[in-house]
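model_13.cif (mmCIF, C-alpha atoms and all ligand atoms)
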```cif
data_input
#
loop_
_atom_site.label_atom_id
_atom_site.label_comp_id
_atom_site.auth_asym_id
_atom_site.auth_seq_id
_atom_site.Cartn_x
_atom_site.Cartn_y
_atom_site.Cartn_z
CA MET A 18 0.00 0.00 0.00
CA PHE A 19 1.30 3.46 -0.95
CA SER A 20 0.64 6.57 1.11
CA VAL A 21 1.18 10.32 1.00
CA GLU A 22 0.73 12.42 4.13
CA VAL A 23 0.26 16.18 4.39
CA ARG A 24 0.17 18.46 7.42
CA ASP A 25 -1.46 21.69 8.53
CA ARG A 26 -2.23 23.35 11.86
CA ILE A 27 -5.34 24.73 13.49
CA MET A 28 -5.82 26.94 16.52
CA ILE A 29 -9.21 26.72 18.26
CA ALA A 30 -10.94 27.27 21.59
CA HIS A 31 -13.47 24.90 23.11
CA SER A 32 -14.73 23.41 26.34
CA LEU A 33 -15.53 19.78 27.15
CA PRO A 34 -18.51 20.07 29.50
CA ASP A 35 -18.44 16.65 31.13
CA PRO A 36 -16.90 15.78 34.53
CA PHE A 37 -14.81 13.12 32.71
CA PHE A 38 -12.62 15.95 31.41
CA GLY A 39 -11.81 17.63 34.75
CA PRO A 40 -10.35 21.10 34.24
CA ALA A 41 -10.90 20.86 30.48
CA GLN A 42 -14.61 21.40 31.20
CA ASN A 43 -13.61 25.08 31.17
CA LEU A 44 -13.01 27.04 27.99
CA HIS A 45 -9.42 26.46 26.84
CA GLY A 46 -7.36 26.71 23.69
CA ALA A 47 -5.69 24.06 21.57
CA THR A 48 -3.35 24.14 18.62
CA TYR A 49 -3.63 20.87 16.73
CA VAL A 50 -1.16 19.60 14.18
CA VAL A 51 -3.37 17.91 11.59
CA ASP A 52 -1.90 15.10 9.50
CA VAL A 53 -3.90 13.55 6.68
CA ALA A 54 -2.60 10.36 5.05
CA PHE A 55 -3.96 9.17 1.70
CA PHE A 56 -3.63 5.47 0.79
CA ARG A 57 -3.72 3.76 -2.58
CA GLU A 58 -3.02 0.17 -3.68
CA LYS A 59 -1.56 1.18 -7.05
CA LEU A 60 -0.03 4.47 -8.14
CA THR A 61 -1.76 6.63 -10.74
CA ALA A 62 -0.48 6.96 -14.32
CA GLU A 63 1.70 9.81 -12.97
CA ASN A 64 3.12 7.50 -10.28
CA VAL A 65 1.54 9.39 -7.40
CA VAL A 66 -0.99 8.60 -4.67
CA VAL A 67 -2.51 12.08 -4.83
CA ASP A 68 -1.23 15.47 -5.92
CA ILE A 69 0.44 16.91 -2.80
CA GLY A 70 -0.48 20.48 -3.75
CA ALA A 71 -4.16 19.55 -4.08
CA ALA A 72 -4.03 17.63 -0.80
CA LEU A 73 -2.53 20.62 1.06
CA ARG A 74 -5.06 22.99 -0.52
CA VAL A 75 -8.10 20.87 0.35
CA LEU A 76 -6.87 20.33 3.91
CA ASN A 77 -6.31 24.06 4.35
CA GLU A 78 -9.79 24.84 2.97
CA THR A 79 -11.30 22.23 5.30
CA LEU A 80 -9.63 23.68 8.40
CA LYS A 81 -10.11 27.36 7.57
CA PRO A 82 -13.74 27.67 8.84
CA LEU A 83 -12.64 26.26 12.22
CA GLY A 84 -9.46 28.30 12.71
CA TYR A 85 -9.48 30.90 15.50
CA GLN A 86 -13.07 29.90 16.34
CA ASN A 87 -14.66 28.94 19.63
CA LEU A 88 -16.06 25.54 18.61
CA ASP A 89 -18.68 25.82 21.39
CA ALA A 90 -20.29 28.64 19.38
CA LEU A 91 -20.43 26.83 16.01
CA PRO A 92 -23.86 25.31 15.19
CA GLN A 93 -22.42 22.10 13.73
CA PHE A 94 -20.85 21.23 17.11
CA LYS A 95 -23.83 22.10 19.31
CA GLY A 96 -24.44 19.24 21.76
CA HIS A 97 -21.18 17.46 20.86
CA LEU A 98 -18.04 16.98 22.95
CA THR A 99 -15.41 18.23 20.50
CA THR A 100 -12.71 15.82 21.62
CA THR A 101 -9.61 15.24 19.54
CA GLU A 102 -11.12 11.93 18.35
CA PHE A 103 -14.40 13.62 17.37
CA LEU A 104 -12.55 16.31 15.40
CA CYS A 105 -10.54 13.62 13.56
CA LYS A 106 -13.80 12.09 12.28
CA TYR A 107 -15.24 15.53 11.44
CA ILE A 108 -12.20 16.34 9.29
CA PHE A 109 -12.11 12.79 7.84
CA ASP A 110 -15.72 13.15 6.61
CA ARG A 111 -14.86 16.35 4.78
CA MET A 112 -11.66 14.98 3.25
CA ALA A 113 -13.52 11.83 2.15
CA GLU A 114 -16.27 13.96 0.59
CA ALA A 115 -13.59 16.02 -1.20
CA ALA A 116 -12.06 12.81 -2.57
CA THR A 117 -15.32 11.31 -3.84
CA SER A 118 -16.46 14.62 -5.35
CA GLY A 119 -13.27 14.90 -7.42
CA LYS A 120 -11.44 17.71 -5.59
CA PHE A 121 -8.20 15.72 -5.93
CA GLY A 122 -8.92 15.03 -9.61
CA THR A 123 -10.63 11.95 -11.01
CA GLU A 124 -7.82 9.71 -9.72
CA GLY A 125 -8.57 10.96 -6.21
CA GLN A 126 -11.88 9.12 -6.49
CA ARG A 127 -9.96 5.83 -6.49
CA LEU A 128 -8.11 6.37 -3.21
CA SER A 129 -8.37 3.37 -0.89
CA ARG A 130 -8.31 5.00 2.53
CA ILE A 131 -7.72 8.24 4.39
CA ARG A 132 -6.36 8.63 7.92
CA VAL A 133 -6.68 11.87 9.86
CA THR A 134 -4.43 12.38 12.91
CA LEU A 135 -4.69 15.31 15.30
CA SER A 136 -1.76 15.86 17.65
CA GLU A 137 -2.73 18.04 20.56
CA THR A 138 0.79 17.99 22.01
CA ASP A 139 4.01 16.16 21.20
CA LEU A 140 2.84 13.57 23.75
CA ALA A 141 -0.74 12.83 22.65
CA ARG A 142 -2.59 12.32 19.39
CA ALA A 143 -5.75 10.68 18.09
CA SER A 144 -6.71 9.49 14.64
CA TYR A 145 -9.60 8.23 12.53
CA GLU A 146 -9.02 6.04 9.49
CA GLY A 147 -11.52 4.68 7.03
CA PRO A 148 -12.12 3.53 3.47
CA ILE A 149 -13.08 5.84 0.64
CA SER A 150 -16.13 4.56 -1.18
CA GLY A 151 -15.75 5.95 -4.71
N1 LIG A 201 -9.34 10.94 24.79
C1 LIG A 201 -9.29 12.27 25.03
N2 LIG A 201 -8.98 12.72 26.25
C2 LIG A 201 -8.92 14.06 26.48
C3 LIG A 201 -9.19 14.97 25.46
C4 LIG A 201 -9.54 14.46 24.19
O1 LIG A 201 -9.81 15.21 23.24
N3 LIG A 201 -9.58 13.12 24.01
N4 LIG A 201 -9.08 16.30 25.70
C5 LIG A 201 -8.72 16.80 26.85
C6 LIG A 201 -8.54 18.29 27.02
O2 LIG A 201 -9.23 18.98 26.03
C7 LIG A 201 -7.09 18.76 26.96
O3 LIG A 201 -6.56 18.46 25.71
C8 LIG A 201 -6.25 18.24 28.03
O4 LIG A 201 -6.80 18.64 29.23
P1 LIG A 201 -6.19 18.19 30.61
O5 LIG A 201 -7.12 18.58 31.68
O6 LIG A 201 -4.81 18.69 30.73
O7 LIG A 201 -6.26 16.59 30.47
P2 LIG A 201 -5.26 15.48 30.91
O8 LIG A 201 -6.05 14.19 30.80
O9 LIG A 201 -4.02 15.53 30.08
O10 LIG A 201 -4.86 15.80 32.38
P3 LIG A 201 -5.68 15.64 33.74
O11 LIG A 201 -4.71 15.02 34.68
O12 LIG A 201 -6.89 14.77 33.48
O13 LIG A 201 -6.07 17.03 34.13
C9 LIG A 201 -8.49 15.92 28.00
N5 LIG A 201 -8.59 14.52 27.70
#
```

Written as structure tokens, that's how I'd like the structure from this file.
Amino acid sequence: MFSVEVRDRIMIAHSLPDPFFGPAQNLHGATYVVDVAFFREKLTAENVVVDIGAALRVLNETLKPLGYQNLDALPQFKGHLTTTEFLCKYIFDRMAEAATSGKFGTEGQRLSRIRVTLSETDLARASYEGPISG
């Protein structure tokens, strides 16, 4: 299996209003490093998994509406605990939709899998990985 991975960053504020999260129930900030890996069984005719420029652009466009926002105030997150794991799946769904709708070119529609990893520090990260149904 081949893979290409691209990276971006996002700065947000949020709270996790459940006693499970202790002090993180309060509003606090996080700067996530976001890694997105694209997987493919066979390379394209150009011998790539996905165009790296397109991958960086789509990731940046996906993160932009969240950057410098208080996630607690965004309607799409109302009633959700915006944990690192939850945000991985949120970003995965948008990257998968971008792949199937051709934002990485027609070859992007034949990607096998995508994995989204959010690192909240150098010590802790979460990820979500799933198939791309093209
Ligand atoms: N599985 C997850 N656990 C935690 C998440 C998460 O997204 N997924 N998030 C947080 C907080 O938002 C924050 O990132 C860390 O808060 P903190 O209170 O420092 O949490 P710790 O578990 O590292 O430390 P404590 O000893 O519990 O205070 C927390 N957990």

Requested in this report: Enumerate as a list in words the residues within 9 Å of ligand LIG 201 (chain A), counting all atoms listed in the file.
Outcome: His31, Ser32, Leu33, Phe37, Phe38, Gly39, Pro40, Ala41, Gln42, His45, Gly46, Ala47, Leu98, Thr99, Thr100, Thr101, Glu102, Phe103, Leu104, Glu137, Thr138, Ala141, Arg142 and Ala143 of chain A

For a quick check of your reading of the model, name the residues lying within 12 Å of the coordinate (3.8, 2.5, 4.7), counting only C-alpha atoms, and write them as a PDB file with C-alpha atoms, in the coordinates of the input.
```pdb
ATOM      1  CA  MET A  18       0.000   0.000   0.000  1.00  0.00           C
ATOM      2  CA  PHE A  19       1.300   3.460  -0.950  1.00  0.00           C
ATOM      3  CA  SER A  20       0.640   6.570   1.110  1.00  0.00           C
ATOM      4  CA  VAL A  21       1.180  10.320   1.000  1.00  0.00           C
ATOM      5  CA  GLU A  22       0.730  12.420   4.130  1.00  0.00           C
ATOM      6  CA  ALA A  54      -2.600  10.360   5.050  1.00  0.00           C
ATOM      7  CA  PHE A  55      -3.960   9.170   1.700  1.00  0.00           C
ATOM      8  CA  PHE A  56      -3.630   5.470   0.790  1.00  0.00           C
ATOM      9  CA  ARG A  57      -3.720   3.760  -2.580  1.00  0.00           C
ATOM     10  CA  GLU A  58      -3.020   0.170  -3.680  1.00  0.00           C
TER      11      GLU A  58
END
```

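Counting all atoms listed in the file, the residue from A:Leu83, A:Ser150, A:Tyr145, A:Ile131 that sits nearest to Ser118 of chain A is A:Ser150.
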
Query raised in the report: Which of these, A:Ser144, A:Asn87, A:Thr123, A:Asn77, has the shortest distance to Tyr107 of chain A once you count all atoms listed in the file?
Result: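 So, comparing all the options, the nearest one is A:Ser144.
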
Query - Distance criterion (only C-alpha atoms): nearest to Val65 of chain A out of A:Phe121, A:Pro82, A:Ser136, A:Gly147 - result: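 Of all the options, A:Phe121 lies closest to Val65 of chain A.
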
Query raised in the report: Separation of atom CA of Val133 of chain A and atom CA of Gln93 of chain A, in Å?
Result: 19.2 Å

Report task. List every protein, DNA or RNA residue that has at least one atom no more than 12 Å from (-6.4, 15.5, 5.5) in the file's coordinates, counting all atoms listed in the file, and write the result as a PyMOL selection string. Result -> chain A and resi 21-26+50-56+67+69+71-80+104-116+121+130-135+144-146

Report summary line: Atom pair atom CA of Ile29 of chain A + atom CA of Lys81 of chain A, distance 10.7 Å

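Nearest residue to Ala90 of chain A among A:Ala30, A:Gly70, A:Pro148, A:Asp35 is A:Ala30, counting all atoms listed in the file.
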